[in-house]
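Trainee: Got a structure here, written out as structure tokens. Questions coming.
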Amino acid sequence: MEKKFMGLSWSLGVLGLIMILFVKSKSVDAISCQDALTALMPCQPFLTTGAPTPTPPCCQAVATINAAATTTLARRELCRCFEKAGPALGVIPAKAKVLPQKCGISVPVPIDPTINCDT
């Protein structure tokens with residue numbers, strides 16, 4: 001009986017460790033929609049008005065988000081996030097499309113309101 005209990009405890013401990021590692025790796029791999037939108041707040045003047053260039057803090061935010069979106073799933077989720085939030089926040093699509101270029105940042109997926117986030 002004692003061996004059975006120890007075996008069960010050990011198995012539950014290993015399972016718990018695996019779950020902790022899985023959750024930690026998921027949180028490091030991706031950035032949430034809300035975190036991305038908050039990080040991009042310095043870009044608001046460029047994205048919603050006639051400001052001709054993004055500010056350095058804006059470009060830093062773009063670089064940070066680009067670096068955090070390392071997987072296809074993370075990029076897809078951010079694409080959907082921006083697709084929904086952009087119009088609600090008054091983002092000018094043409095300005096969003098040129099933002100990475102204006103910041104000198106290469107992004108794997110074009111920022112374009114006509115893009116299909118599922119592909």
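In the structure tokens, each chain is lettered A, B, ... as it comes, each chain's residues begin at 1, and ligands are numbered from 1 in order of appearance.
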Given only C-alpha atoms, how would the per-residue table for stretch 79-100 of chain A near stretch 38-43 of chain A read, listing every residue at most 10 Å away with its closest atom pair and distance in Å to one decimal, sorted by chain and number, as JSON lines?
Mentor:
{"residue": "A:Val91", "atom": "CA", "partner": "A:Cys43", "partner_atom": "CA", "distance": 9.9}
{"residue": "A:Ala96", "atom": "CA", "partner": "A:Cys43", "partner_atom": "CA", "distance": 9.5}
{"residue": "A:Leu99", "atom": "CA", "partner": "A:Cys43", "partner_atom": "CA", "distance": 8.8}
Trainee: Could you turn the residues from that selection into a file that holds all heavy atoms, as a PDB file, in the first residue's frame?
Mentor:
ATOM      1  N   VAL A  91      -7.563  53.140 -36.392  1.00  0.00           N
ATOM      2  CA  VAL A  91      -6.304  52.977 -37.123  1.00  0.00           C
ATOM      3  C   VAL A  91      -6.546  53.152 -38.620  1.00  0.00           C
ATOM      4  O   VAL A  91      -7.483  52.587 -39.185  1.00  0.00           O
ATOM      5  CB  VAL A  91      -5.687  51.586 -36.832  1.00  0.00           C
ATOM      6  CG1 VAL A  91      -4.496  51.321 -37.739  1.00  0.00           C
ATOM      7  CG2 VAL A  91      -5.287  51.491 -35.371  1.00  0.00           C
ATOM      8  N   ALA A  96      -0.961  51.606 -40.919  1.00  0.00           N
ATOM      9  CA  ALA A  96      -0.581  50.342 -40.275  1.00  0.00           C
ATOM     10  C   ALA A  96       0.279  49.516 -41.219  1.00  0.00           C
ATOM     11  O   ALA A  96       1.248  48.879 -40.791  1.00  0.00           O
ATOM     12  CB  ALA A  96      -1.830  49.567 -39.866  1.00  0.00           C
ATOM     13  N   LEU A  99       3.892  50.840 -41.198  1.00  0.00           N
ATOM     14  CA  LEU A  99       4.546  51.013 -39.893  1.00  0.00           C
ATOM     15  C   LEU A  99       5.844  50.227 -39.761  1.00  0.00           C
ATOM     16  O   LEU A  99       6.879  50.814 -39.417  1.00  0.00           O
ATOM     17  CB  LEU A  99       3.581  50.677 -38.750  1.00  0.00           C
ATOM     18  CG  LEU A  99       4.153  50.793 -37.334  1.00  0.00           C
ATOM     19  CD1 LEU A  99       4.622  52.212 -37.039  1.00  0.00           C
ATOM     20  CD2 LEU A  99       3.106  50.358 -36.318  1.00  0.00           C
TER      21      LEU A  99
END
Trainee: Pick out the residues sitting within 12 Å of A:Cys79, and hand them over as a PyMOL selection string; count only C-alpha atoms, and ignore anything fewer than 3 positions along from it in its own chain.
Mentor: chain A and resi 31-33+36-37+65-66+69+72-76+82-86+107-119
Trainee: Have a look at atom CA of A:Arg80 and atom CA of A:Val98 and let me know their distance in Å, one decimal.
Mentor: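 Atom CA of A:Val98 lies 18.3 Å from atom CA of A:Arg80.
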Trainee: Write out as an NGL selection string all residues of stretch 78-114 of chain A that DSSP puts in helix (DSSP H, G or I) for this structure's backbone.
Mentor: :A and (78-88 or 93-103)
Trainee: Quick one: pull the distance between atom CA of A:Ala94 and atom CA of A:Ala30, Å, one decimal.
Mentor: 26.0 Å
Trainee: Mind pulling up the distance from atom CA of A:Asp35 to atom CA of A:Pro52?
Mentor: 25.2 Å
Trainee: Could you give me, as a ChimeraX atom specification, the residues within 10 Å of A:Gln44, counting only C-alpha atoms and dropping anything in the same chain fewer than 5 positions from it?
Mentor: /A:37,49,51,54-55,58,89-91
Trainee: Could the residues in this selection be written to a file with C-alpha atoms, as a short mmCIF file (atom, residue, chain, number, x, y, z; two decimals), in the first residue's frame?
Mentor:
data_model
loop_
_atom_site.label_atom_id
_atom_site.label_comp_id
_atom_site.auth_asym_id
_atom_site.auth_seq_id
_atom_site.Cartn_x
_atom_site.Cartn_y
_atom_site.Cartn_z
CA LEU A 37 -2.26 46.70 -27.90
CA THR A 49 -3.56 60.91 -37.34
CA ALA A 51 1.79 62.21 -38.00
CA PRO A 54 6.38 56.86 -35.85
CA THR A 55 8.22 57.79 -32.67
CA CYS A 58 6.58 53.17 -31.15
CA LEU A 89 -9.25 52.27 -32.36
CA GLY A 90 -9.44 54.39 -35.51
CA VAL A 91 -6.30 52.98 -37.12
#
